[in-house]
file model_30.txt (compact mmCIF, C-alpha atoms and all ligand atoms)
# COMPACT_ATOMS: atom_id res chain seq x y z
CA MET R 1 -45.74 51.91 -20.98
CA ASP R 2 -44.64 53.64 -17.85
CA GLY R 3 -40.91 54.36 -18.41
CA HIS R 4 -40.09 53.56 -14.81
CA VAL R 5 -41.70 50.11 -14.94
CA LYS R 6 -39.97 49.28 -18.21
CA LYS R 7 -36.61 50.31 -16.76
CA GLN R 8 -37.27 48.23 -13.66
CA ILE R 9 -37.93 45.19 -15.87
CA ILE R 10 -34.81 45.72 -17.99
CA ASP R 11 -32.67 46.19 -14.86
CA GLN R 12 -34.09 43.06 -13.27
CA PHE R 13 -33.34 41.03 -16.39
CA GLU R 14 -29.77 42.31 -16.21
CA THR R 15 -29.46 41.30 -12.55
CA ASN R 16 -30.93 37.85 -13.21
CA LYS R 17 -28.76 37.20 -16.29
CA ARG R 18 -26.56 34.10 -16.21
CA SER R 19 -24.63 32.27 -18.88
CA HIS R 20 -23.72 28.74 -19.85
CA ALA R 21 -21.96 27.38 -22.93
CA GLY R 22 -21.66 30.90 -24.30
CA LEU R 23 -25.42 31.51 -24.13
CA HIS R 24 -27.31 33.79 -21.78
CA TYR R 25 -30.32 32.73 -19.78
CA THR R 26 -32.32 34.31 -16.98
CA VAL R 27 -33.03 32.97 -13.50
CA PRO R 28 -36.59 33.69 -12.32
CA SER R 29 -35.32 35.06 -9.00
CA VAL R 30 -31.68 35.32 -7.92
CA ASP R 31 -32.35 34.35 -4.32
CA THR R 32 -35.18 31.88 -4.61
CA TYR R 33 -35.07 30.27 -8.06
CA PRO R 34 -31.44 30.37 -9.20
CA TYR R 35 -31.69 27.90 -12.12
CA GLN R 36 -33.22 27.75 -15.61
CA TRP R 37 -36.91 26.88 -15.58
CA PHE R 38 -38.67 25.76 -18.75
CA TRP R 39 -41.84 27.83 -18.95
CA ASP R 40 -40.16 30.75 -17.19
CA SER R 41 -37.58 30.84 -19.99
CA CYS R 42 -40.40 31.02 -22.51
CA PHE R 43 -41.91 33.98 -20.60
CA HIS R 44 -38.45 35.55 -20.45
CA ALA R 45 -38.03 35.20 -24.21
CA VAL R 46 -41.41 36.88 -24.78
CA THR R 47 -40.30 39.77 -22.53
CA LEU R 48 -36.80 39.99 -24.00
CA SER R 49 -38.22 40.13 -27.53
CA TYR R 50 -39.13 43.76 -26.64
CA PHE R 51 -35.66 44.97 -25.71
CA ASP R 52 -33.08 42.29 -26.52
CA PRO R 53 -34.35 39.79 -29.13
CA GLU R 54 -30.88 38.25 -29.56
CA ARG R 55 -30.78 37.37 -25.89
CA ALA R 56 -34.33 36.02 -26.18
CA LYS R 57 -33.09 33.59 -28.84
CA GLU R 58 -30.14 32.57 -26.67
CA GLU R 59 -32.41 31.81 -23.74
CA LEU R 60 -34.43 29.39 -25.89
CA ARG R 61 -31.40 27.91 -27.64
CA LEU R 62 -29.98 27.01 -24.26
CA LEU R 63 -33.20 25.20 -23.37
CA LEU R 64 -32.58 22.93 -26.37
CA LYS R 65 -29.37 21.72 -24.76
CA GLY R 66 -31.38 20.37 -21.85
CA GLN R 67 -34.02 18.56 -23.94
CA PHE R 68 -34.16 14.81 -23.31
CA LYS R 69 -33.62 12.32 -26.14
CA ASN R 70 -37.29 11.35 -25.98
CA GLY R 71 -38.29 14.98 -26.67
CA MET R 72 -39.27 16.01 -23.14
CA PHE R 73 -38.08 19.34 -21.77
CA PRO R 74 -37.30 19.05 -18.06
CA HIS R 75 -38.83 21.84 -16.03
CA ILE R 76 -35.61 22.78 -14.21
CA ILE R 77 -32.08 22.67 -15.62
CA TYR R 78 -29.21 23.03 -13.16
CA TRP R 79 -26.48 24.56 -15.33
CA GLN R 80 -24.57 25.43 -12.19
CA ARG R 81 -25.46 24.38 -8.66
CA VAL R 82 -25.93 27.23 -6.21
CA GLN R 83 -24.76 26.67 -2.64
CA ASN R 84 -27.00 27.71 0.26
CA SER R 85 -30.00 28.39 -1.95
CA PRO R 86 -33.42 28.37 -0.24
CA PHE R 87 -34.60 26.30 -3.20
CA PRO R 88 -34.68 22.72 -1.87
CA ASP R 89 -32.29 20.10 -3.19
CA ILE R 90 -34.82 17.73 -4.74
CA LYS R 91 -33.65 14.27 -5.82
CA TRP R 92 -35.21 14.01 -9.25
CA GLY R 93 -33.20 10.98 -10.36
CA LYS R 94 -31.38 13.00 -13.04
CA ARG R 95 -28.00 14.65 -12.65
CA HIS R 96 -28.45 18.02 -14.27
CA SER R 97 -32.17 18.54 -14.41
CA SER R 98 -35.54 17.62 -13.00
CA SER R 99 -37.37 14.60 -14.42
CA ILE R 100 -40.77 16.21 -15.01
CA THR R 101 -41.92 18.86 -17.47
CA GLN R 102 -43.94 22.10 -17.65
CA PRO R 103 -46.54 23.57 -20.06
CA PRO R 104 -45.46 23.89 -23.72
CA VAL R 105 -45.16 27.65 -24.07
CA LEU R 106 -42.12 27.39 -26.34
CA ALA R 107 -43.92 27.86 -29.67
CA ALA R 108 -45.63 31.01 -28.32
CA ALA R 109 -42.21 32.40 -27.36
CA VAL R 110 -40.71 31.55 -30.76
CA TRP R 111 -43.72 33.17 -32.39
CA ARG R 112 -43.07 36.46 -30.57
CA ILE R 113 -39.39 36.37 -31.55
CA TYR R 114 -40.35 35.68 -35.14
CA GLU R 115 -42.76 38.63 -35.09
CA ALA R 116 -40.04 40.88 -33.67
CA THR R 117 -37.16 39.78 -35.90
CA GLY R 118 -38.55 37.88 -38.91
CA ASP R 119 -35.64 35.45 -38.36
CA LYS R 120 -36.56 32.28 -40.31
CA THR R 121 -33.25 30.58 -39.56
CA PHE R 122 -34.09 30.74 -35.87
CA VAL R 123 -37.57 29.35 -36.51
CA ARG R 124 -36.07 26.48 -38.55
CA LEU R 125 -33.68 25.72 -35.70
CA MET R 126 -36.43 25.61 -33.07
CA LEU R 127 -39.15 23.77 -34.99
CA PRO R 128 -37.84 20.17 -34.83
CA HIS R 129 -37.38 20.54 -31.05
CA ILE R 130 -40.88 21.89 -30.48
CA HIS R 131 -42.22 19.15 -32.71
CA ALA R 132 -40.31 16.46 -30.77
CA PHE R 133 -41.76 17.81 -27.51
CA HIS R 134 -45.30 17.70 -28.92
CA ARG R 135 -44.75 14.16 -30.12
CA TYR R 136 -43.43 13.16 -26.71
CA LEU R 137 -46.46 14.65 -24.97
CA LEU R 138 -48.99 13.15 -27.36
CA THR R 139 -47.48 9.65 -27.20
CA ASN R 140 -45.85 9.15 -23.79
CA ARG R 141 -48.39 11.24 -21.91
CA ASP R 142 -51.53 10.02 -23.56
CA PRO R 143 -51.62 6.33 -22.60
CA LYS R 144 -55.38 6.15 -23.08
CA GLY R 145 -55.10 7.55 -26.61
CA ILE R 146 -57.70 10.26 -26.02
CA ASN R 147 -55.71 13.20 -27.43
CA LEU R 148 -55.26 14.74 -23.99
CA VAL R 149 -52.02 14.98 -22.08
CA GLY R 150 -51.94 13.85 -18.46
CA LEU R 151 -49.80 15.38 -15.71
CA MET R 152 -48.05 13.00 -13.36
CA ASN R 153 -47.17 15.68 -10.83
CA PRO R 154 -48.89 19.01 -10.07
CA ASP R 155 -45.56 20.78 -10.58
CA GLU R 156 -45.87 19.94 -14.27
CA SER R 157 -48.72 22.42 -14.51
CA GLY R 158 -46.50 25.23 -13.22
CA GLU R 159 -49.15 25.80 -10.53
CA ASP R 160 -47.47 23.63 -7.96
CA ASN R 161 -49.94 23.79 -5.07
CA SER R 162 -53.15 24.68 -6.89
CA PRO R 163 -56.28 23.30 -5.17
CA ARG R 164 -57.10 21.52 -8.44
CA TYR R 165 -54.67 18.80 -7.30
CA ASP R 166 -55.67 18.51 -3.62
CA HIS R 167 -57.83 15.47 -4.17
CA VAL R 168 -55.27 13.45 -6.16
CA LEU R 169 -52.65 14.29 -3.54
CA GLY R 170 -54.97 12.98 -0.82
CA LEU R 171 -55.21 16.39 0.88
CA SER R 172 -58.76 16.80 2.13
CA ASP R 173 -58.30 19.95 4.23
CA PRO R 174 -58.55 22.96 1.88
CA ARG R 175 -56.37 24.94 4.31
CA HIS R 176 -53.64 22.31 4.74
CA GLN R 177 -50.04 23.36 5.36
CA PHE R 178 -47.82 24.03 2.36
CA VAL R 179 -45.31 21.56 3.79
CA ASP R 180 -47.88 18.72 3.57
CA ASN R 181 -48.63 19.64 0.01
CA PHE R 182 -44.93 19.69 -0.82
CA ARG R 183 -44.36 16.31 0.83
CA ALA R 184 -47.13 14.71 -1.25
CA ARG R 185 -45.60 16.07 -4.44
CA LEU R 186 -42.15 14.81 -3.45
CA GLN R 187 -43.68 11.35 -3.04
CA LEU R 188 -44.76 11.51 -6.68
CA VAL R 189 -41.21 12.46 -7.68
CA ASP R 190 -39.99 9.37 -5.80
CA ASP R 191 -42.59 7.11 -7.43
CA TRP R 192 -41.58 8.34 -10.87
CA LYS R 193 -37.92 7.69 -10.04
CA GLN R 194 -38.72 4.18 -8.73
CA SER R 195 -40.50 3.32 -11.96
CA ARG R 196 -37.37 4.42 -13.87
CA PHE R 197 -39.41 7.02 -15.70
CA VAL R 198 -41.55 4.46 -17.48
CA MET R 199 -45.33 4.35 -17.34
CA LYS R 200 -46.22 0.88 -16.13
CA SER R 201 -49.91 0.30 -15.83
CA GLN R 202 -53.29 1.81 -15.20
CA VAL R 203 -52.23 2.08 -11.56
CA ASP R 204 -49.75 4.77 -12.54
CA LEU R 205 -52.64 6.78 -13.85
CA LYS R 206 -54.30 7.20 -10.49
CA HIS R 207 -52.61 10.56 -9.83
CA TRP R 208 -52.85 11.70 -13.40
CA VAL R 209 -54.69 14.92 -14.03
CA TYR R 210 -55.85 15.82 -17.52
CA ASP R 211 -55.74 19.49 -16.84
CA VAL R 212 -57.38 22.41 -18.61
CA PRO R 213 -54.51 24.95 -18.85
CA PHE R 214 -51.88 22.41 -19.92
CA ASN R 215 -54.04 21.00 -22.71
CA CYS R 216 -55.22 24.45 -23.80
CA ILE R 217 -51.61 25.63 -23.96
CA LEU R 218 -50.79 22.48 -25.94
CA ALA R 219 -53.62 23.10 -28.43
CA GLU R 220 -52.45 26.68 -28.97
CA SER R 221 -48.82 25.56 -29.17
CA LEU R 222 -49.73 23.11 -31.94
CA ARG R 223 -51.65 25.81 -33.81
CA LEU R 224 -48.75 28.27 -33.59
CA THR R 225 -46.29 25.54 -34.59
CA SER R 226 -48.31 24.78 -37.69
CA LEU R 227 -48.24 28.51 -38.61
CA LEU R 228 -44.51 28.77 -37.95
CA ALA R 229 -43.85 25.62 -39.97
CA GLU R 230 -45.96 26.93 -42.88
CA SER R 231 -44.02 30.16 -42.94
CA VAL R 232 -40.67 28.38 -43.32
CA GLY R 233 -41.94 25.64 -45.66
CA GLU R 234 -41.74 22.74 -43.15
CA GLN R 235 -44.84 21.07 -44.54
CA ARG R 236 -44.58 17.79 -42.61
CA ILE R 237 -44.48 19.56 -39.23
CA ALA R 238 -47.18 21.98 -40.35
CA THR R 239 -49.59 19.17 -41.26
CA TYR R 240 -48.93 17.12 -38.12
CA SER R 241 -49.37 20.18 -35.88
CA HIS R 242 -52.53 21.29 -37.61
CA VAL R 243 -54.17 17.87 -37.32
CA LYS R 244 -53.15 17.43 -33.69
CA ALA R 245 -54.30 20.94 -32.75
CA THR R 246 -57.76 20.03 -34.03
CA ASN R 247 -57.70 16.70 -32.20
CA VAL R 248 -56.65 18.22 -28.88
CA ARG R 249 -59.28 20.97 -29.15
CA SER R 250 -62.00 18.36 -29.80
CA ALA R 251 -60.77 16.21 -26.90
CA ILE R 252 -60.85 19.20 -24.53
CA LYS R 253 -64.48 19.70 -25.52
CA LYS R 254 -65.36 16.04 -25.30
CA HIS R 255 -63.74 15.20 -21.96
CA LEU R 256 -63.39 18.44 -20.01
CA LEU R 257 -66.63 20.34 -20.67
CA HIS R 258 -69.29 19.90 -18.03
CA GLN R 259 -72.30 22.15 -17.49
CA HIS R 260 -70.87 25.12 -19.45
CA LEU R 261 -67.49 24.97 -17.69
CA TYR R 262 -64.22 23.27 -18.55
CA GLN R 263 -62.84 21.35 -15.60
CA PRO R 264 -59.95 18.87 -15.27
CA VAL R 265 -60.47 15.11 -14.99
CA PHE R 266 -58.22 12.56 -13.33
CA GLY R 267 -57.34 8.88 -13.04
CA PRO R 268 -58.12 5.96 -15.35
CA LYS R 269 -61.86 6.69 -15.19
CA LEU R 270 -61.45 10.40 -15.98
CA ARG R 271 -63.25 11.55 -12.84
CA ARG R 272 -64.12 15.21 -12.67
CA ILE R 273 -62.35 17.78 -10.48
CA HIS R 274 -64.48 20.71 -9.39
CA ALA R 275 -62.40 23.70 -8.37
CA ARG R 276 -63.02 27.27 -9.36
CA THR R 277 -59.61 28.47 -10.39
CA TRP R 278 -58.41 30.86 -13.11
CA ALA R 279 -58.17 27.74 -15.31
CA LEU R 280 -61.86 28.32 -16.11
CA PHE R 281 -60.71 31.07 -18.51
CA MET R 282 -58.10 29.04 -20.39
CA PRO R 283 -60.46 27.60 -23.04
CA LEU R 284 -60.63 31.18 -24.34
CA TYR R 285 -56.85 31.26 -24.76
CA ALA R 286 -57.05 28.12 -26.90
CA GLY R 287 -60.12 29.23 -28.84
CA VAL R 288 -61.94 26.10 -27.64
CA ALA R 289 -64.94 27.74 -25.97
CA THR R 290 -68.05 28.56 -27.97
CA ARG R 291 -69.27 32.16 -27.86
CA GLU R 292 -71.97 31.11 -25.33
CA GLU R 293 -69.47 29.31 -23.10
CA ALA R 294 -67.18 32.34 -23.17
CA THR R 295 -70.02 34.72 -22.28
CA TYR R 296 -71.05 32.44 -19.44
CA VAL R 297 -67.62 32.25 -17.84
CA VAL R 298 -66.93 35.97 -18.28
CA GLU R 299 -70.27 37.12 -16.90
CA HIS R 300 -70.68 34.61 -14.10
CA PHE R 301 -67.06 34.33 -12.99
CA LEU R 302 -64.60 36.90 -14.34
CA ARG R 303 -66.86 39.89 -13.64
CA HIS R 304 -68.46 38.50 -10.52
CA LYS R 305 -67.37 40.11 -7.24
CA ARG R 306 -67.91 36.92 -5.29
CA GLU R 307 -65.77 34.93 -7.76
CA PHE R 308 -62.86 36.55 -9.64
CA ALA R 309 -63.56 40.31 -9.77
CA LEU R 310 -61.29 41.33 -6.90
CA PRO R 311 -59.70 44.76 -6.28
CA TYR R 312 -56.24 43.84 -7.64
CA GLY R 313 -57.14 41.64 -10.57
CA VAL R 314 -57.86 38.04 -11.37
CA PRO R 315 -56.98 35.74 -8.45
CA THR R 316 -55.73 32.24 -9.24
CA VAL R 317 -58.56 30.81 -7.11
CA SER R 318 -62.09 32.15 -6.78
CA ILE R 319 -62.90 33.87 -3.50
CA SER R 320 -65.87 31.49 -3.28
CA GLU R 321 -63.56 28.46 -2.81
CA PRO R 322 -62.81 27.23 0.72
CA SER R 323 -59.17 26.91 -0.33
CA PHE R 324 -58.92 30.61 -1.29
CA ASP R 325 -56.02 32.12 0.66
CA PRO R 326 -54.80 35.37 -0.85
CA SER R 327 -52.05 36.33 1.54
CA GLY R 328 -49.32 34.43 3.32
CA ASP R 329 -45.78 35.64 3.06
CA TRP R 330 -42.92 33.23 3.41
CA LYS R 331 -41.87 34.55 6.79
CA GLY R 332 -38.34 33.44 6.00
CA ASP R 333 -39.41 29.90 5.21
CA TRP R 334 -39.64 28.73 1.67
CA TRP R 335 -42.73 26.63 2.20
CA VAL R 336 -45.09 28.98 4.03
CA GLY R 337 -46.47 30.78 0.97
CA THR R 338 -49.94 30.39 -0.44
CA ASN R 339 -48.68 30.58 -4.04
CA TRP R 340 -51.34 29.25 -6.40
CA ARG R 341 -54.17 29.20 -3.85
CA GLY R 342 -55.53 32.70 -4.47
CA PRO R 343 -52.81 35.26 -5.23
CA VAL R 344 -52.55 37.00 -8.60
CA TRP R 345 -49.67 35.88 -10.84
CA MET R 346 -48.45 37.72 -13.92
CA ALA R 347 -48.38 34.64 -16.15
CA SER R 348 -52.00 33.72 -15.44
CA ASN R 349 -52.91 37.34 -16.18
CA TRP R 350 -51.00 37.10 -19.46
CA PHE R 351 -52.94 33.99 -20.57
CA VAL R 352 -56.29 35.38 -19.42
CA LEU R 353 -55.74 38.65 -21.27
CA GLN R 354 -54.99 36.82 -24.52
CA GLY R 355 -58.12 34.69 -24.20
CA LEU R 356 -60.28 37.74 -23.55
CA LEU R 357 -58.90 39.51 -26.60
CA ARG R 358 -59.46 36.45 -28.75
CA TYR R 359 -63.17 36.64 -27.93
CA GLY R 360 -63.41 40.44 -28.22
CA TYR R 361 -63.64 41.25 -24.49
CA ARG R 362 -61.42 44.26 -24.93
CA GLU R 363 -62.44 46.21 -21.85
CA ASP R 364 -61.95 43.19 -19.60
CA ALA R 365 -58.54 42.60 -21.19
CA GLU R 366 -57.57 46.23 -20.60
CA ARG R 367 -58.60 45.85 -16.98
CA VAL R 368 -56.28 42.86 -16.60
CA TYR R 369 -53.42 44.88 -18.11
CA ARG R 370 -54.08 47.92 -15.92
CA SER R 371 -54.26 45.87 -12.74
CA SER R 372 -51.01 44.08 -13.67
CA LEU R 373 -49.25 47.39 -14.22
CA HIS R 374 -50.68 48.76 -11.00
CA LEU R 375 -49.33 45.79 -9.03
CA LEU R 376 -45.85 46.30 -10.47
CA LYS R 377 -45.92 50.01 -9.58
CA GLN R 378 -47.25 49.41 -6.09
CA SER R 379 -45.31 46.31 -5.08
CA GLY R 380 -42.50 45.79 -7.58
CA LEU R 381 -41.47 42.56 -9.29
CA ARG R 382 -42.70 39.89 -6.94
CA GLU R 383 -43.64 36.27 -7.48
CA TYR R 384 -47.32 36.83 -6.70
CA TYR R 385 -49.65 39.41 -5.18
CA ASP R 386 -52.54 39.54 -2.73
CA PRO R 387 -55.66 40.23 -4.87
CA LEU R 388 -57.34 42.06 -1.96
CA THR R 389 -54.51 44.41 -0.94
CA GLY R 390 -52.04 44.34 -3.84
CA LYS R 391 -49.22 43.43 -1.47
CA GLY R 392 -46.38 41.46 -3.09
CA HIS R 393 -45.41 38.04 -1.76
CA GLY R 394 -43.07 35.16 -2.44
CA ALA R 395 -39.83 35.60 -4.35
CA SER R 396 -38.41 39.09 -4.90
CA GLY R 397 -36.85 40.32 -8.11
CA PHE R 398 -39.12 37.88 -9.95
CA THR R 399 -39.08 38.10 -13.74
CA TRP R 400 -42.67 37.36 -14.77
CA GLY R 401 -43.72 41.01 -14.40
CA GLY R 402 -41.89 41.50 -17.70
CA LEU R 403 -44.95 40.02 -19.42
CA VAL R 404 -46.70 43.40 -19.09
CA LEU R 405 -44.61 44.55 -22.05
CA ASP R 406 -46.34 41.90 -24.15
CA MET R 407 -49.76 42.61 -22.62
CA GLU R 408 -49.41 46.24 -23.66
CA GLN R 409 -48.41 45.26 -27.20
CA LEU R 410 -51.29 42.79 -27.50
CA LEU R 411 -53.73 45.57 -26.71
CA ILE R 412 -52.61 47.65 -29.68
CA PRO R 413 -55.28 47.08 -32.38
CA PRO R 414 -54.14 44.78 -35.21
CA SER R 415 -54.17 47.52 -37.86
CA ARG R 416 -50.74 48.70 -36.57
C1 LIG U 501 -42.69 28.32 -8.83
C2 LIG U 501 -43.86 28.38 -9.81
C3 LIG U 501 -43.47 27.74 -11.14
C4 LIG U 501 -42.22 28.40 -11.67
C5 LIG U 501 -41.09 28.35 -10.63
C6 LIG U 501 -39.88 29.16 -11.04
O1 LIG U 501 -42.41 27.01 -8.49
O2 LIG U 501 -44.97 27.75 -9.26
O3 LIG U 501 -44.51 27.88 -12.07
O4 LIG U 501 -41.81 27.80 -12.85
O5 LIG U 501 -41.54 28.90 -9.41
O6 LIG U 501 -40.23 30.50 -11.22
call {"tool": "encode", "arguments": {"input": "model_30.txt", "output": "structure tokens", "more": "lines below"}}
Ligand code: GLC
result
Amino acid sequence: MDGHVKKQIIDQFETNKRSHAGLHYTVPSVDTYPYQWFWDSCFHAVTLSYFDPERAKEELRLLLKGQFKNGMFPHIIYWQRVQNSPFPDIKWGKRHSSSITQPPVLAAAVWRIYEATGDKTFVRLMLPHIHAFHRYLLTNRDPKGINLVGLMNPDESGEDNSPRYDHVLGLSDPRHQFVDNFRARLQLVDDWKQSRFVMKSQVDLKHWVYDVPFNCILAESLRLTSLLAESVGEQRIATYSHVKATNVRSAIKKHLLHQHLYQPVFGPKLRRIHARTWALFMPLYAGVATREEATYVVEHFLRHKREFALPYGVPTVSISEPSFDPSGDWKGDWWVGTNWRGPVWMASNWFVLQGLLRYGYREDAERVYRSSLHLLKQSGLREYYDPLTGKGHGASGFTWGGLVLDMEQLLIPPSR
């Protein structure tokens, strides 16, 4: 690892360090995202496991304090309100947190900490909470009983304005304004609040997206949880997680696979969403794709110059999509970015790299790592990057670049 990049990451984590109840956590960006975010904290813990594993544990232990009684982790926790923040004051219907969730990356983060420290007490502390979250997702978020979890709001995917959700939000123009997208998502927040956070009927399902990344992350989270539980002798959690991991993987195959590609479905009738986004590669992360399906998506999409093979890495949306918009700085306004509609993000790179390695695409994985490192050197720690120019956009001093430490480690052959 380039010493300068590593130092930059460590310094940024120091700048973004906050504390509550005697535990440290990290804000994704001091100026733009000054609270604790659920999946961000998991990414932070993965990064911190390389230079401060104790702080990595604290970050996750603090998340537990925000977990709802029903097992859900809210995606934002407001430990202390920040005045004059550009982050909008959204009325979620909860006092100290949001009322929606984000992808279950927690087990992956605990796994990394366990690898780094061998701390079984920490694993035993985390397991019941991860298990409760899985149970919440597989009961409250699977009203059709199909072993897939549905998202009630695009923000739950972590890819807030991805074109995968345009249709369910009623946005037919692929180049609509960010503000219109945001307004439609706020309406869903309001609807959820009005229903007092209870699923009522099939009607509620009309915006629901059974998405590929979320369910792939869930399948992998269940698999890792079963391994963690085995290693500390928690047999009941191990068995549940193992069975559910198999069920979710089968359901992804059954409901999301269409003509060699895995695509999300939505609504009560599970109608298909066709959008070429980086999500096409997520079945590799979960080990769901067959060898043929993996070859197909790598050869026809990942390596294809008119799809995802762009100069600065894997864009979040294929250049072939009408919604593809790689640039777009905020120009002082929070809502003018293009975010998940084309730019490269470090977390999507991190997932893609792991999937490629799982299927033996080592050179492609190395390319993802090299382009990530290159972006950090050229443009610093930014929220996202233009895949055509490498220019950084969105929030500054953004933490996700820290994931390159893990990408580098993952590329070291297993015989280490
Ligand atoms: C943006 C991202 C989301 C992330 C949040 C905080 O909203 O889309 O995934 O959790 O910022 O970094």
call {"tool": "residues_near_ligand", "arguments": {"input": "model_30.txt", "ligand": "ligand LIG 501 (chain U)", "cutoff": "8 Å", "atoms": "only C-alpha atoms and all ligand atoms", "output": "PDB file with C-alpha atoms, in the coordinates of the input"}}
result
ATOM      1  CA  VAL R  27     -33.030  32.970 -13.500  1.00  0.00           C
ATOM      2  CA  PRO R  28     -36.590  33.690 -12.320  1.00  0.00           C
ATOM      3  CA  SER R  29     -35.320  35.060  -9.000  1.00  0.00           C
ATOM      4  CA  TYR R  33     -35.070  30.270  -8.060  1.00  0.00           C
ATOM      5  CA  TRP R  37     -36.910  26.880 -15.580  1.00  0.00           C
ATOM      6  CA  PHE R  38     -38.670  25.760 -18.750  1.00  0.00           C
ATOM      7  CA  TRP R  39     -41.840  27.830 -18.950  1.00  0.00           C
ATOM      8  CA  ASP R  40     -40.160  30.750 -17.190  1.00  0.00           C
ATOM      9  CA  HIS R  75     -38.830  21.840 -16.030  1.00  0.00           C
ATOM     10  CA  GLN R 102     -43.940  22.100 -17.650  1.00  0.00           C
ATOM     11  CA  ASP R 155     -45.560  20.780 -10.580  1.00  0.00           C
ATOM     12  CA  SER R 157     -48.720  22.420 -14.510  1.00  0.00           C
ATOM     13  CA  GLY R 158     -46.500  25.230 -13.220  1.00  0.00           C
ATOM     14  CA  GLU R 159     -49.150  25.800 -10.530  1.00  0.00           C
ATOM     15  CA  ASP R 160     -47.470  23.630  -7.960  1.00  0.00           C
ATOM     16  CA  ASN R 161     -49.940  23.790  -5.070  1.00  0.00           C
ATOM     17  CA  ASN R 339     -48.680  30.580  -4.040  1.00  0.00           C
ATOM     18  CA  TRP R 340     -51.340  29.250  -6.400  1.00  0.00           C
ATOM     19  CA  GLU R 383     -43.640  36.270  -7.480  1.00  0.00           C
ATOM     20  CA  PHE R 398     -39.120  37.880  -9.950  1.00  0.00           C
TER      21      PHE R 398
END
call {"tool": "axis_aligned_box", "arguments": {"input": "model_30.txt", "around": "range 100-105 of chain R", "padding_each_side": "8 Å", "output": "lines of an AutoDock Vina configuration file"}}
result
center_x = -43.7
center_y = 21.9
center_z = -19.5
size_x = 21.8
size_y = 27.4
size_z = 25.1
call {"tool": "closest_residue", "arguments": {"input": "model_30.txt", "among": "R:Ala56, R:Leu376, R:Ile130, R:Gly402", "to": "Asp11 in chain R", "atoms": "all atoms listed in the file"}}
result
R:Gly402
call {"tool": "closest_residue", "arguments": {"input": "model_30.txt", "among": "R:Ile76, R:Met126, R:Leu60, R:Val265", "to": "Pro34 in chain R", "atoms": "only C-alpha atoms"}}
result
R:Ile76
call {"tool": "residues_around", "arguments": {"input": "model_30.txt", "residues": "Val297 in chain R", "least_positions_apart": "4", "cutoff": "12 Å", "atoms": "only C-alpha atoms", "output": "PDB file with C-alpha atoms, keeping the file's coordinate frame"}}
result
ATOM      1  CA  GLN R 259     -72.300  22.150 -17.490  1.00  0.00           C
ATOM      2  CA  HIS R 260     -70.870  25.120 -19.450  1.00  0.00           C
ATOM      3  CA  LEU R 261     -67.490  24.970 -17.690  1.00  0.00           C
ATOM      4  CA  TYR R 262     -64.220  23.270 -18.550  1.00  0.00           C
ATOM      5  CA  ARG R 276     -63.020  27.270  -9.360  1.00  0.00           C
ATOM      6  CA  THR R 277     -59.610  28.470 -10.390  1.00  0.00           C
ATOM      7  CA  TRP R 278     -58.410  30.860 -13.110  1.00  0.00           C
ATOM      8  CA  ALA R 279     -58.170  27.740 -15.310  1.00  0.00           C
ATOM      9  CA  LEU R 280     -61.860  28.320 -16.110  1.00  0.00           C
ATOM     10  CA  PHE R 281     -60.710  31.070 -18.510  1.00  0.00           C
ATOM     11  CA  MET R 282     -58.100  29.040 -20.390  1.00  0.00           C
ATOM     12  CA  PRO R 283     -60.460  27.600 -23.040  1.00  0.00           C
ATOM     13  CA  LEU R 284     -60.630  31.180 -24.340  1.00  0.00           C
ATOM     14  CA  ALA R 289     -64.940  27.740 -25.970  1.00  0.00           C
ATOM     15  CA  THR R 290     -68.050  28.560 -27.970  1.00  0.00           C
ATOM     16  CA  ARG R 291     -69.270  32.160 -27.860  1.00  0.00           C
ATOM     17  CA  GLU R 292     -71.970  31.110 -25.330  1.00  0.00           C
ATOM     18  CA  GLU R 293     -69.470  29.310 -23.100  1.00  0.00           C
ATOM     19  CA  PHE R 301     -67.060  34.330 -12.990  1.00  0.00           C
ATOM     20  CA  LEU R 302     -64.600  36.900 -14.340  1.00  0.00           C
ATOM     21  CA  ARG R 303     -66.860  39.890 -13.640  1.00  0.00           C
ATOM     22  CA  HIS R 304     -68.460  38.500 -10.520  1.00  0.00           C
ATOM     23  CA  GLU R 307     -65.770  34.930  -7.760  1.00  0.00           C
ATOM     24  CA  PHE R 308     -62.860  36.550  -9.640  1.00  0.00           C
ATOM     25  CA  VAL R 352     -56.290  35.380 -19.420  1.00  0.00           C
ATOM     26  CA  GLY R 355     -58.120  34.690 -24.200  1.00  0.00           C
ATOM     27  CA  LEU R 356     -60.280  37.740 -23.550  1.00  0.00           C
ATOM     28  CA  TYR R 359     -63.170  36.640 -27.930  1.00  0.00           C
ATOM     29  CA  TYR R 361     -63.640  41.250 -24.490  1.00  0.00           C
TER      30      TYR R 361
END
call {"tool": "residues_around", "arguments": {"input": "model_30.txt", "residues": "Val5 in chain R", "least_positions_apart": "4", "cutoff": "8 Å", "atoms": "all atoms listed in the file", "output": "NGL selection string"}}
result
:R and (1 or 9 or 376-377)
call {"tool": "write_last_selection", "arguments": {"input": "model_30.txt", "atoms": "C-alpha atoms", "output": "CSV table (one decimal), in the coordinates of the input"}}
result
chain,number,residue,atom,x,y,z
R,1,MET,CA,-45.7,51.9,-21.0
R,9,ILE,CA,-37.9,45.2,-15.9
R,376,LEU,CA,-45.8,46.3,-10.5
R,377,LYS,CA,-45.9,50.0,-9.6
call {"tool": "closest_residue", "arguments": {"input": "model_30.txt", "among": "R:Gly93, R:Trp111, R:Lys144, R:Pro103", "to": "Ser195 in chain R", "atoms": "only C-alpha atoms"}}
result
R:Gly93
call {"tool": "atom_distance", "arguments": {"input": "model_30.txt", "atom1": "CA of Pro74 in chain R", "atom2": "CA of Ser97 in chain R"}}
result
6.3 Å
